[in-house]
$ cat my_file-v6.txt   # compact mmCIF, C-alpha atoms
# COMPACT_ATOMS: atom_id res chain seq x y z
CA MET A 14 0.00 0.00 0.00
CA ARG A 15 1.35 3.44 -0.92
CA ARG A 16 1.76 5.65 2.15
CA THR A 17 1.15 9.35 1.73
CA ALA A 18 1.01 12.41 3.93
CA SER A 19 -2.22 14.34 4.32
CA GLY A 20 -1.77 16.38 1.16
CA CYS A 21 -1.32 13.77 -1.56
CA ARG A 22 -4.33 11.50 -1.31
CA PRO A 23 -7.17 10.58 -3.69
CA ARG A 24 -10.07 13.04 -3.76
CA ALA A 25 -13.51 13.13 -5.33
CA ILE A 26 -16.03 15.73 -6.38
CA SER A 27 -19.70 14.85 -6.11
CA GLY A 28 -22.73 16.38 -7.74
CA LYS A 29 -20.84 18.08 -10.58
CA THR A 30 -20.39 17.17 -14.21
CA ALA A 31 -17.15 17.30 -16.14
CA ALA A 32 -18.27 20.51 -17.83
CA SER A 33 -19.34 22.33 -14.66
CA ALA A 34 -16.83 21.29 -11.98
CA PHE A 35 -14.15 23.70 -10.84
CA SER A 36 -10.90 23.08 -8.98
CA PRO A 37 -10.49 25.13 -5.78
CA SER A 38 -6.96 26.50 -5.50
CA LEU A 39 -6.37 24.61 -2.27
CA PHE A 40 -6.90 21.24 -3.91
CA PHE A 41 -4.06 19.20 -2.52
CA ASP A 42 -2.59 17.94 -5.80
CA ARG A 43 -0.52 21.12 -6.04
CA HIS A 44 1.58 19.78 -3.16
CA CYS A 45 2.37 16.56 -4.98
CA PRO A 46 5.37 15.46 -7.08
CA GLY A 47 5.20 15.53 -10.87
CA GLN A 48 3.37 18.83 -11.39
CA ILE A 49 4.08 22.56 -11.56
CA MET A 50 2.16 25.81 -11.93
CA VAL A 51 3.07 28.51 -14.43
CA ASP A 52 1.94 32.07 -15.12
CA ALA A 53 -0.44 31.97 -18.10
CA ARG A 54 1.20 35.12 -19.46
CA ASP A 55 4.68 33.68 -20.03
CA GLY A 56 4.77 29.98 -19.11
CA LYS A 57 7.17 30.51 -16.20
CA ARG A 58 6.95 29.32 -12.62
CA PHE A 59 6.46 32.12 -10.11
CA VAL A 60 5.98 30.54 -6.68
CA ASP A 61 6.57 27.55 -4.43
CA GLU A 62 3.47 25.65 -5.55
CA SER A 63 3.41 23.52 -2.38
CA PHE A 64 3.40 26.25 0.25
CA HIS A 65 0.23 27.24 2.12
CA TYR A 66 -2.59 28.85 0.18
CA GLN A 67 -2.36 32.32 1.76
CA ASN A 68 1.23 32.63 0.59
CA PHE A 69 0.21 31.33 -2.83
CA GLY A 70 -2.52 33.96 -3.10
CA GLU A 71 -0.35 36.80 -1.82
CA VAL A 72 2.47 36.00 -4.26
CA SER A 73 -0.05 35.80 -7.12
CA LEU A 74 -1.36 39.26 -6.24
CA GLU A 75 2.10 40.76 -5.77
CA LYS A 76 3.22 39.50 -9.18
CA GLY A 77 -0.04 40.31 -10.97
CA VAL A 78 -0.78 36.67 -11.77
CA THR A 79 -4.49 36.25 -12.55
CA ARG A 80 -4.44 33.07 -14.67
CA ILE A 81 -2.38 29.98 -13.96
CA TRP A 82 -1.81 26.69 -15.77
CA GLN A 83 -1.32 23.72 -13.49
CA ILE A 84 0.64 21.14 -15.46
CA ALA A 85 1.20 17.47 -14.60
CA ASP A 86 2.51 14.40 -16.31
CA ALA A 87 0.53 11.16 -16.74
CA GLU A 88 2.08 9.51 -13.69
CA ALA A 89 1.12 12.39 -11.38
CA VAL A 90 -2.45 12.47 -12.70
CA ALA A 91 -2.79 8.71 -12.21
CA ARG A 92 -1.37 8.78 -8.67
CA TYR A 93 -2.82 11.99 -7.27
CA GLY A 94 -5.41 13.34 -9.70
CA LEU A 95 -5.48 16.88 -11.05
CA GLY A 96 -8.10 19.35 -9.89
CA ALA A 97 -11.46 17.64 -10.35
CA ILE A 98 -9.84 14.69 -12.13
CA LYS A 99 -9.72 11.70 -9.80
CA PRO A 100 -6.68 9.39 -9.63
CA ALA A 101 -6.54 5.97 -11.32
CA PRO A 102 -8.42 3.76 -11.94
CA PHE A 103 -10.46 6.74 -13.15
CA ARG A 104 -9.41 8.21 -16.47
CA PRO A 105 -9.13 11.89 -17.40
CA ASP A 106 -10.67 11.45 -20.86
CA LYS A 107 -14.06 13.01 -20.10
CA TRP A 108 -12.41 16.03 -18.51
CA VAL A 109 -10.30 16.56 -21.62
CA ALA A 110 -13.34 16.12 -23.88
CA SER A 111 -15.28 18.71 -21.86
CA GLY A 112 -12.49 21.29 -22.17
CA TYR A 113 -11.82 21.30 -18.43
CA ALA A 114 -8.35 19.83 -19.00
CA ARG A 115 -5.87 20.01 -21.88
CA LYS A 116 -3.77 17.07 -23.04
CA ALA A 117 -0.75 16.74 -25.32
CA ALA A 118 1.96 14.23 -26.18
CA SER A 119 4.79 16.67 -25.41
CA ILE A 120 5.40 19.85 -23.44
CA SER A 121 5.84 21.90 -26.61
CA GLU A 122 2.53 20.61 -27.98
CA LEU A 123 0.86 21.37 -24.66
CA ALA A 124 2.24 24.90 -24.81
CA ARG A 125 0.55 25.45 -28.15
CA GLU A 126 -2.70 24.10 -26.68
CA LEU A 127 -2.43 26.65 -23.87
CA GLY A 128 -1.45 29.58 -26.07
CA LEU A 129 2.05 29.71 -24.61
CA ASP A 130 5.43 30.04 -26.27
CA PRO A 131 6.60 26.41 -26.72
CA LEU A 132 10.23 27.35 -26.13
CA ALA A 133 9.44 29.26 -22.93
CA LEU A 134 7.38 26.44 -21.40
CA SER A 135 9.90 23.81 -22.50
CA ASP A 136 12.70 25.80 -20.84
CA THR A 137 10.63 26.08 -17.65
CA VAL A 138 9.96 22.35 -17.48
CA GLU A 139 13.52 21.37 -18.43
CA ARG A 140 14.98 23.58 -15.69
CA PHE A 141 12.49 22.28 -13.13
CA ASN A 142 13.14 18.65 -14.14
CA ARG A 143 16.91 19.02 -14.00
CA HIS A 144 16.84 20.08 -10.35
CA ALA A 145 13.80 18.06 -9.26
CA ALA A 146 15.64 14.86 -10.16
CA ASP A 147 17.99 15.70 -7.27
CA GLY A 148 15.13 16.80 -5.01
CA ARG A 149 15.99 20.49 -5.30
CA ASP A 150 14.21 23.68 -6.33
CA PRO A 151 16.79 26.50 -6.34
CA ASP A 152 14.26 28.96 -7.76
CA PHE A 153 11.54 28.80 -5.08
CA GLY A 154 12.73 26.31 -2.46
CA ARG A 155 9.85 23.90 -2.88
CA GLY A 156 10.03 21.10 -0.35
CA THR A 157 12.51 22.87 1.94
CA ASN A 158 10.02 23.79 4.67
CA ALA A 159 7.97 21.63 7.03
CA TYR A 160 4.65 22.59 5.41
CA ASP A 161 5.71 21.45 1.93
CA THR A 162 7.22 18.25 3.29
CA TYR A 163 4.16 17.29 5.31
CA MET A 164 1.74 18.03 2.48
CA GLY A 165 3.80 16.12 -0.08
CA ASP A 166 4.00 12.38 -0.73
CA ALA A 167 5.79 10.80 2.25
CA GLY A 168 6.52 7.72 0.17
CA HIS A 169 8.48 9.67 -2.43
CA GLY A 170 12.09 10.75 -2.08
CA PRO A 171 14.41 12.48 -1.80
CA ASN A 172 11.91 15.38 -1.73
CA PRO A 173 8.22 14.59 -1.04
CA SER A 174 7.19 17.61 -3.11
CA LEU A 175 9.32 17.18 -6.21
CA ARG A 176 9.59 14.86 -9.19
CA PRO A 177 10.44 15.65 -12.82
CA LEU A 178 7.58 15.79 -15.33
CA THR A 179 8.65 13.08 -17.76
CA LYS A 180 5.85 10.63 -18.51
CA ALA A 181 3.63 11.58 -21.46
CA PRO A 182 0.92 12.52 -22.07
CA PHE A 183 0.96 15.83 -20.23
CA TYR A 184 -2.12 17.53 -18.81
CA ALA A 185 -3.05 21.06 -17.77
CA ILE A 186 -5.96 22.77 -16.05
CA GLU A 187 -6.56 26.48 -15.60
CA VAL A 188 -6.47 27.88 -12.07
CA ARG A 189 -7.47 31.39 -11.02
CA PRO A 190 -6.74 32.95 -7.61
CA SER A 191 -9.87 33.82 -5.67
CA ASP A 192 -10.99 34.91 -2.20
CA LEU A 193 -11.50 32.37 0.55
CA GLY A 194 -11.77 34.67 3.57
CA SER A 195 -10.22 37.86 4.86
CA ILE A 196 -9.34 36.75 8.42
CA GLN A 197 -9.61 40.48 9.06
CA GLY A 198 -13.17 41.61 9.68
CA LEU A 199 -14.87 44.25 11.81
CA ASP A 200 -13.35 45.76 14.96
CA THR A 201 -15.01 44.51 18.13
CA ASP A 202 -14.69 45.07 21.86
CA GLU A 203 -14.01 42.49 24.54
CA HIS A 204 -17.65 41.36 24.39
CA ALA A 205 -17.49 40.75 20.61
CA ARG A 206 -19.67 43.81 19.99
CA VAL A 207 -18.96 45.56 16.68
CA LEU A 208 -17.48 49.03 17.07
CA GLY A 209 -18.74 51.96 15.04
CA ALA A 210 -16.67 54.69 13.40
CA ASP A 211 -16.64 56.56 16.72
CA GLY A 212 -15.20 53.53 18.53
CA ALA A 213 -18.38 52.89 20.50
CA PRO A 214 -20.15 49.50 20.39
CA ILE A 215 -23.19 49.24 18.11
CA ALA A 216 -26.14 47.97 20.10
CA GLY A 217 -27.20 44.43 19.18
CA LEU A 218 -24.44 43.85 16.60
CA TYR A 219 -21.80 41.18 17.22
CA ALA A 220 -19.05 39.60 15.09
CA ALA A 221 -16.95 36.45 15.37
CA GLY A 222 -14.62 34.37 13.21
CA LEU A 223 -13.90 35.78 9.76
CA ASP A 224 -16.26 38.70 10.49
CA ASN A 225 -14.17 39.72 13.50
CA ASN A 226 -10.82 41.53 13.28
CA SER A 227 -9.10 38.95 15.48
CA ILE A 228 -5.48 38.79 16.63
CA MET A 229 -4.64 37.19 13.26
CA ARG A 230 -4.99 40.60 11.61
CA GLY A 231 -5.39 39.16 8.13
CA LYS A 232 -2.58 36.60 8.40
CA TYR A 233 -2.80 32.82 8.29
CA PRO A 234 -0.37 31.26 10.78
CA GLY A 235 -1.96 27.83 10.41
CA GLY A 236 -5.06 25.67 10.60
CA GLY A 237 -7.76 27.08 12.88
CA ALA A 238 -6.88 30.74 12.29
CA SER A 239 -10.55 31.43 11.59
CA LEU A 240 -12.17 28.59 13.57
CA GLY A 241 -10.46 29.51 16.85
CA PRO A 242 -11.68 33.14 16.87
CA ALA A 243 -15.12 31.98 15.67
CA MET A 244 -15.53 29.58 18.59
CA THR A 245 -14.03 31.95 21.16
CA PHE A 246 -15.83 35.15 20.21
CA GLY A 247 -19.03 33.31 19.35
CA TYR A 248 -19.05 32.04 22.93
CA ILE A 249 -18.20 35.49 24.31
CA ALA A 250 -20.97 37.07 22.22
CA ALA A 251 -23.49 34.48 23.44
CA LEU A 252 -22.58 35.16 27.06
CA ASP A 253 -23.03 38.90 26.58
CA ILE A 254 -26.33 38.47 24.76
CA ALA A 255 -27.61 36.14 27.50
CA ALA A 256 -26.48 38.49 30.26
CA ARG A 257 -28.20 41.46 28.62
CA ALA A 258 -31.38 39.45 28.07
CA ALA A 259 -31.39 38.38 31.72
CA SER A 260 -30.81 41.95 32.83
CA LYS A 261 -33.75 43.19 30.76
CA GLY A 262 -35.89 40.44 32.22
CA ARG A 263 -35.07 41.54 35.77
CA ASP A 264 -35.80 45.15 34.86
CA HIS A 265 -39.31 44.20 33.81
CA VAL A 266 -40.10 42.33 37.07

$ encode --input "my_file-v6.txt" --output "structure tokens"
Amino acid sequence: MRRTASGCRPRAISGKTAASAFSPSLFFDRHCPGQIMVDARDGKRFVDESFHYQNFGEVSLEKGVTRIWQIADAEAVARYGLGAIKPAPFRPDKWVASGYARKAASISELARELGLDPLALSDTVERFNRHAADGRDPDFGRGTNAYDTYMGDAGHGPNPSLRPLTKAPFYAIEVRPSDLGSIQGLDTDEHARVLGADGAPIAGLYAAGLDNNSIMRGKYPGGGASLGPAMTFGYIAALDIAARAASKGRDHV
């Protein structure tokens, strides 16, 4: 049995057809060996594809990347899937036929399918492959941090995140950065009451989780960055609401 870390595991999408399904950017295949992501403008890599999704989104914004091609070879698609495409024994044919995925016998042919310069994409893949064979990524350091390593394939070495793209055919899907949550919402007081422009609490209005400007201040230090504040300030808000309701009840006795 192939052993994998939490990132590289089979996934499935239910209730969607090949023509209508979309691949959320935090689909875990981007952490897996045998695939890369390139800027749709020039066919070049621009980021550590395996790092956490806030970093991925921030780098995309900083570099003006709005369209991305996620490219994988046949072995990676069979082992890990690609976007909405499930791993073997499922086949990617229907996704290619629907236009969701592109397929080609070589990287240069795939580049033409994607509207990219064949030489530019070939150079990108050749450089990536040359270093990935040794488990290195001198351009973006993929697989050199604990996050990448954990989310990669624990059964693959020397780097759980890296493997050259060598086995034809090659596949690509389009990925676009999008919003997931701000982790930086409205200012509140110690009772989770929303503060107005004057700094005073607004009667009857509370915020928690992603709607609350928590200590995270828009950053994502790790899992639970939104759930923790949601549970904590939701509880605090409930206590305040209950206390005020009880106080009003006593006033009416």

$ closest_residue --input "my_file-v6.txt" --among "A:Ser63, A:Gln48, A:Ser191, A:Ser119" --to "Pro177 in chain A" --atoms "all atoms listed in the file"
A:Gln48

$ closest_residue --input "my_file-v6.txt" --among "A:Val60, A:Ala181, A:Ala114, A:Leu218" --to "Ala87 in chain A" --atoms "only C-alpha atoms"
A:Ala181

$ axis_aligned_box --input "my_file-v6.txt" --around "range 133-142 of chain A" --padding-each-side "8 Å" --output "JSON"
{"center_x": 11.2, "center_y": 24.0, "center_z": -18.0, "size_x": 23.6, "size_y": 26.6, "size_z": 25.8}

$ atom_distance --input "my_file-v6.txt" --atom1 "CA of Glu71 in chain A" --atom2 "CA of Asp192 in chain A"
10.8 Å

$ residues_around --input "my_file-v6.txt" --residues "Phe183 in chain A" --least-positions-apart "6" --cutoff "10 Å" --atoms "only C-alpha atoms" --output "short mmCIF file (atom, residue, chain, number, x, y, z; two decimals) with C-alpha atoms, in the frame of the given file"
data_model
loop_
_atom_site.label_atom_id
_atom_site.label_comp_id
_atom_site.auth_asym_id
_atom_site.auth_seq_id
_atom_site.Cartn_x
_atom_site.Cartn_y
_atom_site.Cartn_z
CA GLN A 48 3.37 18.83 -11.39
CA ILE A 84 0.64 21.14 -15.46
CA ALA A 85 1.20 17.47 -14.60
CA ASP A 86 2.51 14.40 -16.31
CA ALA A 87 0.53 11.16 -16.74
CA GLU A 88 2.08 9.51 -13.69
CA ALA A 89 1.12 12.39 -11.38
CA VAL A 90 -2.45 12.47 -12.70
CA ARG A 115 -5.87 20.01 -21.88
CA LYS A 116 -3.77 17.07 -23.04
CA ALA A 117 -0.75 16.74 -25.32
CA ALA A 118 1.96 14.23 -26.18
CA SER A 119 4.79 16.67 -25.41
CA ILE A 120 5.40 19.85 -23.44
CA GLU A 122 2.53 20.61 -27.98
CA LEU A 123 0.86 21.37 -24.66
#
